[in-house]
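One file, final-v5.cif, carrying mmCIF, C-alpha atoms:
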data_run
loop_
_atom_site.label_atom_id
_atom_site.label_comp_id
_atom_site.auth_asym_id
_atom_site.auth_seq_id
_atom_site.Cartn_x
_atom_site.Cartn_y
_atom_site.Cartn_z
CA MET F 903 0.00 0.00 0.00
CA GLN F 904 2.69 2.46 0.98
CA GLU F 905 4.62 2.22 -2.25
CA SER F 906 1.55 2.19 -4.47
CA THR F 907 0.17 5.43 -3.04
CA SER F 908 3.37 7.42 -2.78
CA ASN F 909 4.13 7.78 -6.46
CA PRO F 910 1.37 8.95 -8.81
CA GLU F 911 3.66 8.50 -11.80
CA ARG F 912 3.23 4.75 -11.38
CA LEU F 913 -0.04 5.16 -13.29
CA ASN F 914 0.98 8.00 -15.59
CA PRO F 915 -0.25 6.92 -19.04
CA ARG F 916 2.16 9.13 -21.01
CA GLN F 917 4.32 6.24 -22.15
CA LEU F 918 1.23 4.32 -23.23
CA LEU F 919 -0.19 7.31 -25.08
CA GLU F 920 3.12 7.99 -26.84
CA TYR F 921 3.25 4.35 -27.87
CA LEU F 922 -0.32 4.39 -29.15
CA LYS F 923 0.29 7.63 -31.00
CA GLN F 924 3.24 6.02 -32.74
CA ILE F 925 1.20 2.97 -33.68
CA VAL F 926 -1.65 5.08 -35.02
CA ALA F 927 0.76 7.20 -37.07
CA ASN F 928 2.91 4.39 -38.45
CA ARG F 929 0.50 1.50 -38.81
CA ARG F 930 -2.58 3.37 -39.89
CA ASN F 931 -3.70 0.75 -42.38
CA ALA F 932 -2.68 -2.25 -40.35
CA LEU F 933 -5.02 -1.73 -37.41
CA ASN F 934 -8.46 -3.20 -37.67
CA GLU F 935 -11.58 -1.97 -35.84
CA VAL F 936 -10.92 -4.16 -32.82
CA PHE F 937 -7.58 -2.43 -32.25
CA ILE F 938 -9.16 1.00 -32.61
CA ARG F 939 -11.94 0.13 -30.16
CA ARG F 940 -9.51 -1.24 -27.59
CA ILE F 941 -7.20 1.77 -28.00
CA ILE F 942 -10.09 4.19 -27.37
CA SER F 943 -11.03 2.29 -24.23
CA ALA F 944 -7.40 2.17 -23.08
CA ILE F 945 -6.97 5.93 -23.58
CA PHE F 946 -10.04 6.72 -21.49
CA PHE F 947 -9.20 4.40 -18.61
CA GLY F 948 -5.48 5.26 -18.72
CA ILE F 949 -6.37 8.90 -18.05
CA PHE F 950 -9.06 7.96 -15.54
CA ASN F 951 -6.74 5.71 -13.49
CA TYR F 952 -4.05 8.40 -13.35
CA TRP F 953 -6.58 11.01 -12.23
CA ALA F 954 -7.91 8.59 -9.59
CA LEU F 955 -4.49 7.88 -8.10
CA LYS F 956 -3.59 11.56 -8.01
CA SER F 957 -6.95 12.25 -6.37
CA TYR F 958 -6.30 9.56 -3.78
CA ILE F 959 -2.89 11.02 -3.00
CA LYS F 960 -4.51 14.44 -2.62
CA GLY F 961 -6.78 12.97 0.03
CA LYS F 962 -9.96 12.23 -1.90
CA ARG F 963 -11.59 8.91 -1.15
CA GLY F 964 -13.77 6.73 -3.32
CA ASP F 965 -15.48 3.41 -2.62
CA GLY F 966 -14.10 0.02 -1.60
CA PRO F 967 -12.28 -1.14 1.55
CA TYR F 968 -9.40 1.25 0.88
CA GLY F 969 -11.43 4.06 -0.66
CA ASP F 970 -9.47 3.65 -3.88
CA SER F 971 -12.34 2.90 -6.29
CA PHE F 972 -13.46 6.14 -7.88
CA ARG F 973 -16.57 6.87 -9.90
CA PHE F 974 -16.80 8.92 -13.04
CA PRO F 975 -18.77 11.95 -11.75
CA SER F 976 -15.94 13.47 -9.73
CA PHE F 977 -13.54 12.75 -12.60
CA PHE F 978 -15.81 14.68 -14.95
CA GLU F 979 -16.36 17.45 -12.41
CA ASP F 980 -12.63 18.09 -12.09
CA LEU F 981 -12.03 18.16 -15.83
CA LEU F 982 -15.16 20.12 -16.75
CA SER F 983 -14.31 22.78 -14.16
CA ALA F 984 -10.97 23.24 -15.88
CA GLY F 985 -12.62 23.65 -19.31
CA PHE F 986 -11.78 20.28 -20.83
CA ASP F 987 -15.30 19.82 -22.18
CA TYR F 988 -13.89 19.45 -25.70
CA ALA F 989 -11.62 16.63 -24.56
CA ILE F 990 -13.60 14.63 -22.04
CA TYR F 991 -16.95 14.58 -23.85
CA PRO F 992 -15.61 12.89 -27.00
CA LEU F 993 -13.48 10.52 -24.94
CA PHE F 994 -16.51 9.46 -22.91
CA LEU F 995 -18.85 9.29 -25.90
CA TYR F 996 -16.48 7.19 -27.99
CA ARG F 997 -15.50 5.02 -25.06
CA VAL F 998 -19.20 4.15 -24.63
CA GLY F 999 -19.53 3.61 -28.38
CA ALA F 1000 -16.44 1.39 -28.49
CA ASP F 1001 -17.35 -0.72 -25.46
CA HIS F 1002 -21.15 -0.96 -25.65
CA TYR F 1003 -22.24 -0.62 -29.29
CA VAL F 1004 -21.36 -3.02 -32.09
CA LEU F 1005 -22.54 -1.25 -35.24
CA ASN F 1006 -20.17 1.21 -36.86
CA PRO F 1007 -21.22 3.88 -37.50
CA THR F 1008 -23.98 4.00 -34.94
CA GLU F 1009 -25.92 6.40 -32.76
CA VAL F 1010 -25.05 6.51 -29.10
CA GLU F 1011 -27.48 7.72 -26.49
CA LEU F 1012 -25.79 8.56 -23.23
CA GLN F 1013 -28.81 7.89 -21.08
CA SER F 1014 -31.45 5.25 -20.54
CA ARG F 1015 -34.01 7.09 -18.44
CA PRO F 1016 -37.56 7.92 -19.53
CA TRP F 1017 -36.50 11.44 -20.48
CA LYS F 1018 -34.74 10.46 -23.67
CA GLY F 1019 -31.83 12.64 -24.57
CA VAL F 1020 -29.62 13.55 -27.44
CA ARG F 1021 -28.24 10.90 -29.77
CA ASP F 1022 -24.73 11.32 -31.01
CA TYR F 1023 -23.47 9.94 -34.29
CA VAL F 1024 -20.39 7.86 -33.60
CA GLU F 1025 -18.07 6.47 -36.23
CA ILE F 1026 -15.08 4.62 -34.91
CA SER F 1027 -12.24 5.47 -37.27
CA TYR F 1028 -8.59 6.50 -37.45
CA ASP F 1029 -9.60 10.15 -37.82
CA ILE F 1030 -11.48 10.23 -34.56
CA LEU F 1031 -8.78 8.20 -32.85
CA GLU F 1032 -6.26 10.92 -33.68
CA LYS F 1033 -8.56 13.55 -32.16
CA LEU F 1034 -9.10 11.46 -29.05
CA LEU F 1035 -5.36 10.99 -28.63
CA GLU F 1036 -4.83 14.73 -28.99
CA SER F 1037 -7.52 15.34 -26.36
CA ALA F 1038 -5.98 12.77 -24.04
CA PHE F 1039 -2.59 14.48 -24.25
CA ASP F 1040 -4.23 17.82 -23.36
CA ILE F 1041 -5.84 16.28 -20.29
CA LEU F 1042 -2.64 14.50 -19.34
CA ASP F 1043 -0.61 17.73 -19.53
CA TYR F 1044 -3.11 19.30 -17.14
CA LEU F 1045 -3.11 16.36 -14.74
CA GLU F 1046 0.70 16.25 -14.68
CA LYS F 1047 1.24 19.97 -14.16
CA HIS F 1048 -1.79 21.38 -12.41
CA TYR F 1049 -3.69 18.60 -10.68
CA MET N 369 -16.96 44.56 -32.74
CA TRP N 370 -16.46 43.67 -29.11
CA ALA N 371 -15.89 47.32 -28.35
CA ILE N 372 -19.57 47.81 -29.06
CA VAL N 373 -20.44 45.00 -26.71
CA TYR N 374 -18.10 46.46 -24.15
CA SER N 375 -19.82 49.81 -24.42
CA TYR N 376 -23.23 48.21 -24.06
CA ALA N 377 -22.01 46.15 -21.18
CA ASN N 378 -20.85 49.29 -19.44
CA ASN N 379 -24.19 50.93 -20.05
CA ILE N 380 -25.95 47.92 -18.68
CA GLU N 381 -23.70 47.88 -15.65
CA THR N 382 -24.53 51.55 -15.05
CA GLU N 383 -28.18 50.83 -15.56
CA GLN N 384 -27.87 47.84 -13.29
CA THR N 385 -26.58 49.94 -10.42
CA ARG N 386 -29.22 52.59 -10.91
CA MET N 387 -32.11 50.24 -11.44
CA ALA N 388 -31.19 47.40 -9.14
CA SER N 389 -33.57 48.13 -6.31
CA SER N 390 -36.58 49.02 -8.44
CA PHE N 391 -35.88 45.97 -10.62
CA ALA N 392 -35.95 43.67 -7.65
CA GLN N 393 -39.17 45.26 -6.41
CA ARG N 394 -40.84 44.98 -9.78
CA MET N 395 -39.79 41.39 -10.29
CA LEU N 396 -41.47 40.42 -7.08
CA THR N 397 -44.75 41.92 -8.21
CA GLU N 398 -47.12 41.28 -11.08
CA GLN N 399 -44.72 43.06 -13.44
CA VAL N 400 -42.24 40.24 -13.10
CA GLU N 401 -42.31 39.56 -16.85
CA LEU N 402 -40.71 42.95 -17.54
CA GLY N 403 -37.46 41.96 -15.90
CA PHE N 404 -35.64 39.84 -18.42
CA PRO N 405 -36.71 41.40 -21.73
CA ILE N 406 -34.98 44.59 -20.65
CA ILE N 407 -31.71 42.72 -20.73
CA GLY N 408 -32.70 41.12 -23.99
CA ARG N 409 -33.43 44.46 -25.60
CA TYR N 410 -29.99 45.75 -24.77
CA VAL N 411 -28.20 42.64 -25.82
CA TYR N 412 -30.12 42.05 -29.01
CA THR N 413 -29.09 45.45 -30.33
CA VAL N 414 -25.47 44.31 -30.33
CA ASP N 415 -24.34 42.78 -33.59
CA ILE N 416 -21.32 40.60 -33.12
CA THR N 417 -22.05 38.16 -35.89
CA VAL N 418 -20.71 40.06 -38.90
CA ASN N 419 -17.68 38.32 -40.42
CA ARG N 420 -17.35 36.08 -37.43
CA ASP N 421 -13.94 34.76 -36.58
CA ALA N 422 -15.13 32.99 -33.50
CA VAL N 423 -11.73 32.03 -32.13
CA LYS N 424 -10.45 35.61 -32.33
CA GLU N 425 -13.67 36.90 -30.81
CA ILE N 426 -13.40 34.57 -27.86
CA GLU N 427 -9.81 35.62 -27.27
CA SER N 428 -10.62 39.32 -27.40
CA ILE N 429 -13.71 39.46 -25.22
CA PRO N 430 -13.26 42.25 -22.67
CA GLU N 431 -13.14 41.16 -19.08
CA ASN N 432 -16.12 43.22 -18.04
CA ILE N 433 -18.58 42.18 -20.70
CA LEU N 434 -22.08 41.57 -19.33
CA SER N 435 -21.63 38.98 -16.63
CA ILE N 436 -23.42 35.69 -16.14
CA HIS N 437 -24.05 36.88 -12.61
CA TYR N 438 -25.98 39.86 -13.87
CA ILE N 439 -28.45 37.55 -15.60
CA TYR N 440 -28.54 35.32 -12.53
CA ASP N 441 -29.41 38.30 -10.36
CA MET N 442 -32.49 38.73 -12.52
CA LEU N 443 -33.46 35.07 -12.59
CA ARG N 444 -32.89 34.22 -8.95
CA VAL N 445 -36.18 35.81 -7.91
CA PHE N 446 -38.22 34.11 -10.62
CA ARG N 447 -40.31 31.02 -10.04
CA ARG N 448 -39.18 27.87 -11.79
CA GLU N 449 -42.03 28.07 -14.30
CA LYS N 450 -41.01 31.57 -15.25
CA VAL N 451 -37.39 30.50 -15.76
CA LEU N 452 -38.50 27.65 -18.01
CA PHE N 453 -40.75 30.02 -19.92
CA LEU N 454 -37.84 32.40 -20.53
CA LEU N 455 -35.66 29.54 -21.72
CA SER N 456 -38.31 28.32 -24.13
CA LYS N 457 -38.75 31.84 -25.44
CA HIS N 458 -35.08 32.63 -25.96
CA LEU N 459 -33.56 29.26 -26.88
CA TYR N 460 -36.16 27.79 -29.25
CA LEU N 461 -35.48 24.30 -27.94
CA ASN N 462 -37.47 21.25 -28.96
CA GLU N 463 -39.94 19.53 -26.62
CA GLU N 464 -37.46 16.89 -25.53
CA SER N 465 -34.90 19.46 -24.48
CA MET N 466 -37.57 21.44 -22.66
CA SER N 467 -38.69 18.34 -20.79
CA ILE N 468 -35.06 17.68 -19.84
CA LEU N 469 -34.79 21.23 -18.52
CA GLU N 470 -37.88 20.54 -16.42
CA ARG N 471 -36.25 17.35 -15.14
CA ILE N 472 -33.09 19.27 -14.30
CA GLY N 473 -35.21 21.62 -12.24
CA GLU N 474 -36.87 18.72 -10.44
CA LEU N 475 -33.71 16.68 -9.87
CA GLU N 476 -31.69 19.65 -8.64
CA PHE N 477 -28.63 18.09 -10.24
CA VAL N 478 -27.69 21.64 -11.14
CA ASP N 479 -29.28 24.85 -9.92
CA LEU N 480 -31.83 25.63 -12.62
CA ARG N 481 -31.50 29.40 -12.32
CA LYS N 482 -27.72 29.35 -12.52
CA PHE N 483 -27.88 26.93 -15.42
CA ALA N 484 -30.48 29.09 -17.17
CA SER N 485 -28.23 32.12 -16.66
CA LEU N 486 -25.43 30.32 -18.46
CA LEU N 487 -27.72 29.31 -21.33
CA LEU N 488 -29.10 32.82 -21.75
CA TRP N 489 -25.59 34.26 -21.58
CA LEU N 490 -24.37 31.88 -24.28
CA VAL N 491 -27.30 32.77 -26.51
CA ASN N 492 -27.76 36.47 -25.84
CA VAL N 493 -24.24 37.65 -25.12
CA LEU N 494 -21.89 35.25 -26.91
CA ARG N 495 -24.53 34.73 -29.62
CA TYR N 496 -24.23 30.98 -29.88
CA LYS N 497 -27.21 28.86 -30.82
CA VAL N 498 -27.99 26.16 -28.28
CA THR N 499 -29.65 23.30 -30.14
CA ASP N 500 -30.14 20.71 -27.40
CA VAL N 501 -29.78 20.13 -23.71
CA SER N 502 -29.36 16.62 -22.37
CA LEU N 503 -28.66 14.70 -19.19
CA VAL N 504 -25.73 12.35 -19.55
CA GLU N 505 -25.45 9.21 -17.48
CA ASP N 506 -23.07 6.30 -17.17
CA LEU N 507 -24.79 3.38 -18.85
CA GLU N 508 -23.20 0.87 -16.48
CA THR N 509 -24.27 2.52 -13.23
CA GLU N 510 -27.17 4.69 -14.54
CA GLU N 511 -25.63 7.45 -12.47
CA LEU N 512 -26.00 11.02 -13.71
CA GLN N 513 -22.67 12.40 -14.91
CA PHE N 514 -23.27 15.88 -16.27
CA VAL N 515 -25.58 18.03 -18.36
CA SER N 516 -24.57 18.49 -21.97
CA VAL N 517 -25.32 21.71 -23.83
CA HIS N 518 -25.11 21.24 -27.57
CA ILE N 519 -23.96 24.27 -29.50
CA ASP N 520 -24.59 24.74 -33.17
CA ASN N 521 -21.96 25.39 -35.76
CA CYS N 522 -18.70 25.48 -33.86
CA GLY N 523 -15.58 23.62 -34.88
CA TRP N 524 -12.79 21.85 -33.03
CA ASN N 525 -10.50 24.84 -32.27
CA GLU N 526 -13.44 27.03 -31.36
CA TRP N 527 -14.71 24.32 -29.00
CA LYS N 528 -11.36 24.23 -27.21
CA ARG N 529 -11.29 27.97 -26.67
CA LEU N 530 -14.98 28.30 -25.91
CA SER N 531 -14.97 25.65 -23.19
CA LYS N 532 -11.86 27.11 -21.54
CA PHE N 533 -13.24 30.65 -21.73
CA VAL N 534 -16.72 29.83 -20.47
CA LYS N 535 -15.51 27.64 -17.61
CA LYS N 536 -13.00 30.27 -16.51
CA ARG N 537 -15.80 32.84 -16.45
CA LEU N 538 -18.11 30.55 -14.53
CA VAL N 539 -15.48 29.81 -11.89
CA GLU N 540 -14.48 33.48 -11.60
CA GLU N 541 -18.10 34.51 -11.17
CA GLY N 542 -18.68 31.97 -8.42
CA PHE N 543 -20.52 29.35 -10.45
CA SER N 544 -18.06 26.49 -9.92
CA ASP N 545 -20.96 24.09 -9.40
CA ILE N 546 -22.25 24.81 -12.89
CA ALA N 547 -18.74 24.72 -14.38
CA SER N 548 -18.21 21.22 -13.03
CA ARG N 549 -21.55 19.71 -14.05
CA VAL N 550 -22.15 21.18 -17.47
CA ALA N 551 -20.34 20.13 -20.64
CA LEU N 552 -20.41 22.36 -23.70
CA VAL N 553 -20.58 20.20 -26.80
CA CYS N 554 -19.82 21.23 -30.37
CA LYS N 555 -21.25 18.39 -32.39
CA LYS N 556 -19.88 19.73 -35.64
CA ALA N 557 -16.36 19.19 -34.33
CA LEU N 558 -17.07 15.50 -33.93
CA GLN N 559 -18.51 15.00 -37.38
CA THR N 560 -16.63 12.77 -39.75
CA GLN N 561 -17.02 12.93 -43.52
CA LYS N 562 -19.94 10.52 -43.46
CA GLY N 563 -21.45 11.97 -40.30
#
For this file, write the structure as C-alpha cells.
Amino acid sequence: MQESTSNPERLNPRQLLEYLKQIVANRRNALNEVFIRRIISAIFFGIFNYWALKSYIKGKRGDGPYGDSFRFPSFFEDLLSAGFDYAIYPLFLYRVGADHYVLNPTEVELQSRPWKGVRDYVEISYDILEKLLESAFDILDYLEKHY
Amino acid sequence: MWAIVYSYANNIETEQTRMASSFAQRMLTEQVELGFPIIGRYVYTVDITVNRDAVKEIESIPENILSIHYIYDMLRVFRREKVLFLLSKHLYLNEESMSILERIGELEFVDLRKFASLLLWLVNVLRYKVTDVSLVEDLETEELQFVSVHIDNCGWNEWKRLSKFVKKRLVEEGFSDIASRVALVCKKALQTQKG
C-alpha cells in the first residue's frame, strides 16, 4: 500500500499514449476496428486511473475497503471545471460507443431514463482516434502539471 | 466589434446599479415579466455576428462584458415556471430538451436558475445557438454524470477555446458548481465525412 500510493507516476499513461500515437501514425492501415476500439477504451481508462491515483494522494476517497475505487462523476467534475469539455466529452462518448455498441457507424445515447436525450453519431475510425489521442494528451498535460 | 459590446455592457452595468432596487421590487410583483426582456433588448441590439472569426472573438472578449451573474441576479427571484418560460422563449429548444430542462429543475442536479443564466448568456451575449440540452449518465451505473449543452456550428478549435473561456468565467463569477456539471458540446467538431 505504501509504495503504491506514494508515487502517482506509477499510473501515468504518457508512455502508453506515446506508444499508441506512434502505432496510429505508423501503422494506420494495419489496425483493424478491434484495435481502434480497444485503444479508445485504453486511452479513457489510462487517463481515468491516473486522475484517480492523483486524487487519492490528494486525500480524496472513493469506494471500496481502501477508498481507492473512484466513480466517473468526480472525474468529470474536475475536468469540466478546468474547461476540458472538448476533450472529455468525445473521450466518454467514444469510449461508450467502443465498449457498448457493435454497429459502426452507430448512434449513441448517453442515457437510458424515460426522459430520452440527445443521440450522437459515432463512427469509430482512425480520424477520430487521432482527435481522441490529442484530447488525451491535453488532459494528461493538465493532470501532470496542475492537478 | 467587441468594443460595441463592451460599451453596451458598461451601459448595462450603469443601468444595473441605478435600477437594481426598483428591478428587484418589480420582479417580485405582477410586473415580473418585464425583468428579463430589458436585458434582452440591450443585448439584441449588439451585432457581433458580422464576419465572425469565433476564435479571435473569444480571445478578445473584454473582461467586463455583461456577466453571467448579472443575468442570474435577474433570474434568482423568478419562479421555476417563469425561468422555463424564458428559456423556451429565448432558446427555441425542442420539446425533448424542454422536458429535460424541467427534469433538471426537479432533480436539482444543477441549480436551474444558474444553469439558465449560463444558457441565456451563451445565446444572448456570446450569440451561440444552443440546439439541445441533455442529461448524460453512465450506462453501467445509470448514475448522472453531467448536463450536456449542444452548441450549433462550432468547430474543433473554437470548442477548445470556448470551453476554456466559459468555464473560466463561470469559476471566476462563483458558479463552480455549474462549471463542473455542465459540458459544452460542439457536435460539428465530432462529425466525420460521413457523419
For chain F against chain N, with a cut-off of 6 Å and counting all atoms listed in the file, what is the closest atom pair and its distance in Å to one decimal for every residue that makes the cut, ordered by chain and number, as JSON lines?
{"residue": "F:Pro975", "atom": "CA", "partner": "N:Gln513", "partner_atom": "CA", "distance": 5.0}
{"residue": "F:Glu979", "atom": "CA", "partner": "N:Ser548", "partner_atom": "CA", "distance": 4.2}
{"residue": "F:Leu982", "atom": "CA", "partner": "N:Ser548", "partner_atom": "CA", "distance": 4.9}
{"residue": "F:Ser983", "atom": "CA", "partner": "N:Ser548", "partner_atom": "CA", "distance": 4.3}
{"residue": "F:Gly985", "atom": "CA", "partner": "N:Lys532", "partner_atom": "CA", "distance": 4.2}
{"residue": "F:Asp987", "atom": "CA", "partner": "N:Ala551", "partner_atom": "CA", "distance": 5.3}
{"residue": "F:Tyr988", "atom": "CA", "partner": "N:Lys528", "partner_atom": "CA", "distance": 5.6}
{"residue": "F:Leu1012", "atom": "CA", "partner": "N:Val504", "partner_atom": "CA", "distance": 5.3}
{"residue": "F:Gln1013", "atom": "CA", "partner": "N:Glu505", "partner_atom": "CA", "distance": 5.1}
{"residue": "F:Gly1019", "atom": "CA", "partner": "N:Ser502", "partner_atom": "CA", "distance": 5.2}
{"residue": "F:Val1020", "atom": "CA", "partner": "N:Ser502", "partner_atom": "CA", "distance": 5.9}
* Determine the residue set returned by the PyMOL selection byres ((chain F and resi 939-955) around 7) for the present structure, and present it as a PyMOL selection string. => chain F and resi 910+913-915+935-938+956-959+972+993+997+1000+1031+1038+1042+1045
Neighbours of Ile472 of chain N within 9 Å (all atoms listed in the file; same-chain residues fewer than 6 positions away dropped), as a short mmCIF file (atom, residue, chain, number, x, y, z; two decimals) with C-alpha atoms, in the frame of the given file?
data_model
loop_
_atom_site.label_atom_id
_atom_site.label_comp_id
_atom_site.auth_asym_id
_atom_site.auth_seq_id
_atom_site.Cartn_x
_atom_site.Cartn_y
_atom_site.Cartn_z
CA VAL N 478 -27.69 21.64 -11.14
CA ASP N 479 -29.28 24.85 -9.92
CA LEU N 480 -31.83 25.63 -12.62
CA LEU N 503 -28.66 14.70 -19.19
CA VAL N 515 -25.58 18.03 -18.36
#
* To do: Could you check how far atom CA of Asp1001 of chain F sits from atom CA of Asn928 of chain F, in Å to one decimal?
  =>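 Calculated distance between atom CA of Asp1001 of chain F and atom CA of Asn928 of chain F is 24.6 Å.
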* Asked: Which residue out of F:Glu1011, F:Glu911, F:Asp965, F:Glu1032 has the minimum interatomic distance to Arg930 of chain F when all atoms listed in the file are used?
  ->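 Using all atoms listed in the file, the shortest distance to Arg930 of chain F belongs to F:Glu1032.
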* Asked: Which residues fall under the PyMOL selection byres ((chain F and resi 1004-1009) around 8) in this file, as a ChimeraX atom specification?
  -> /F:999-1000,1002-1003,1010-1011,1021-1026
Take the residues that were just selected and, keeping C-alpha atoms, output them as a PDB file, in the coordinates of the input.
ATOM      1  CA  GLY F 999     -19.530   3.610 -28.380  1.00  0.00           C
ATOM      2  CA  ALA F1000     -16.440   1.390 -28.490  1.00  0.00           C
ATOM      3  CA  HIS F1002     -21.150  -0.960 -25.650  1.00  0.00           C
ATOM      4  CA  TYR F1003     -22.240  -0.620 -29.290  1.00  0.00           C
ATOM      5  CA  VAL F1010     -25.050   6.510 -29.100  1.00  0.00           C
ATOM      6  CA  GLU F1011     -27.480   7.720 -26.490  1.00  0.00           C
ATOM      7  CA  ARG F1021     -28.240  10.900 -29.770  1.00  0.00           C
ATOM      8  CA  ASP F1022     -24.730  11.320 -31.010  1.00  0.00           C
ATOM      9  CA  TYR F1023     -23.470   9.940 -34.290  1.00  0.00           C
ATOM     10  CA  VAL F1024     -20.390   7.860 -33.600  1.00  0.00           C
ATOM     11  CA  GLU F1025     -18.070   6.470 -36.230  1.00  0.00           C
ATOM     12  CA  ILE F1026     -15.080   4.620 -34.910  1.00  0.00           C
TER      13      ILE F1026
END
* Work out how far atom CA of Ile436 of chain N is from atom CA of Val493 of chain N, in Å to one decimal. =>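 Straight-line distance from atom CA of Val493 of chain N to atom CA of Ile436 of chain N works out to 9.2 Å.
Reported to one decimal place, the separation of atom CA of Phe986 of chain F from atom CA of Ile925 of chain F is 25.2 Å.
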Contact residues around Ala927 of chain F with all atoms listed in the file at 12 Å, ignoring same-chain residues under 6 positions, as a short mmCIF file (atom, residue, chain, number, x, y, z; two decimals) with C-alpha atoms, in the frame of the given file:
data_model
loop_
_atom_site.label_atom_id
_atom_site.label_comp_id
_atom_site.auth_asym_id
_atom_site.auth_seq_id
_atom_site.Cartn_x
_atom_site.Cartn_y
_atom_site.Cartn_z
CA GLU F 920 3.12 7.99 -26.84
CA TYR F 921 3.25 4.35 -27.87
CA LEU F 933 -5.02 -1.73 -37.41
CA TYR F 1028 -8.59 6.50 -37.45
CA ASP F 1029 -9.60 10.15 -37.82
CA LEU F 1031 -8.78 8.20 -32.85
CA GLU F 1032 -6.26 10.92 -33.68
CA LEU F 1035 -5.36 10.99 -28.63
#
* To do: Find the residue from F:Thr907, F:Ala932, F:Phe994, F:Gln917 that sits nearest to Gly961 of chain F; use all atoms listed in the file when measuring.
  =>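 Of the candidates, the smallest distance to Gly961 of chain F is held by F:Thr907.
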* the PyMOL selection byres ((chain N and resi 448) around 9) applied to the shown file, residues as a PyMOL selection string -> chain N and resi 446-447+449-453+470+473+480-481
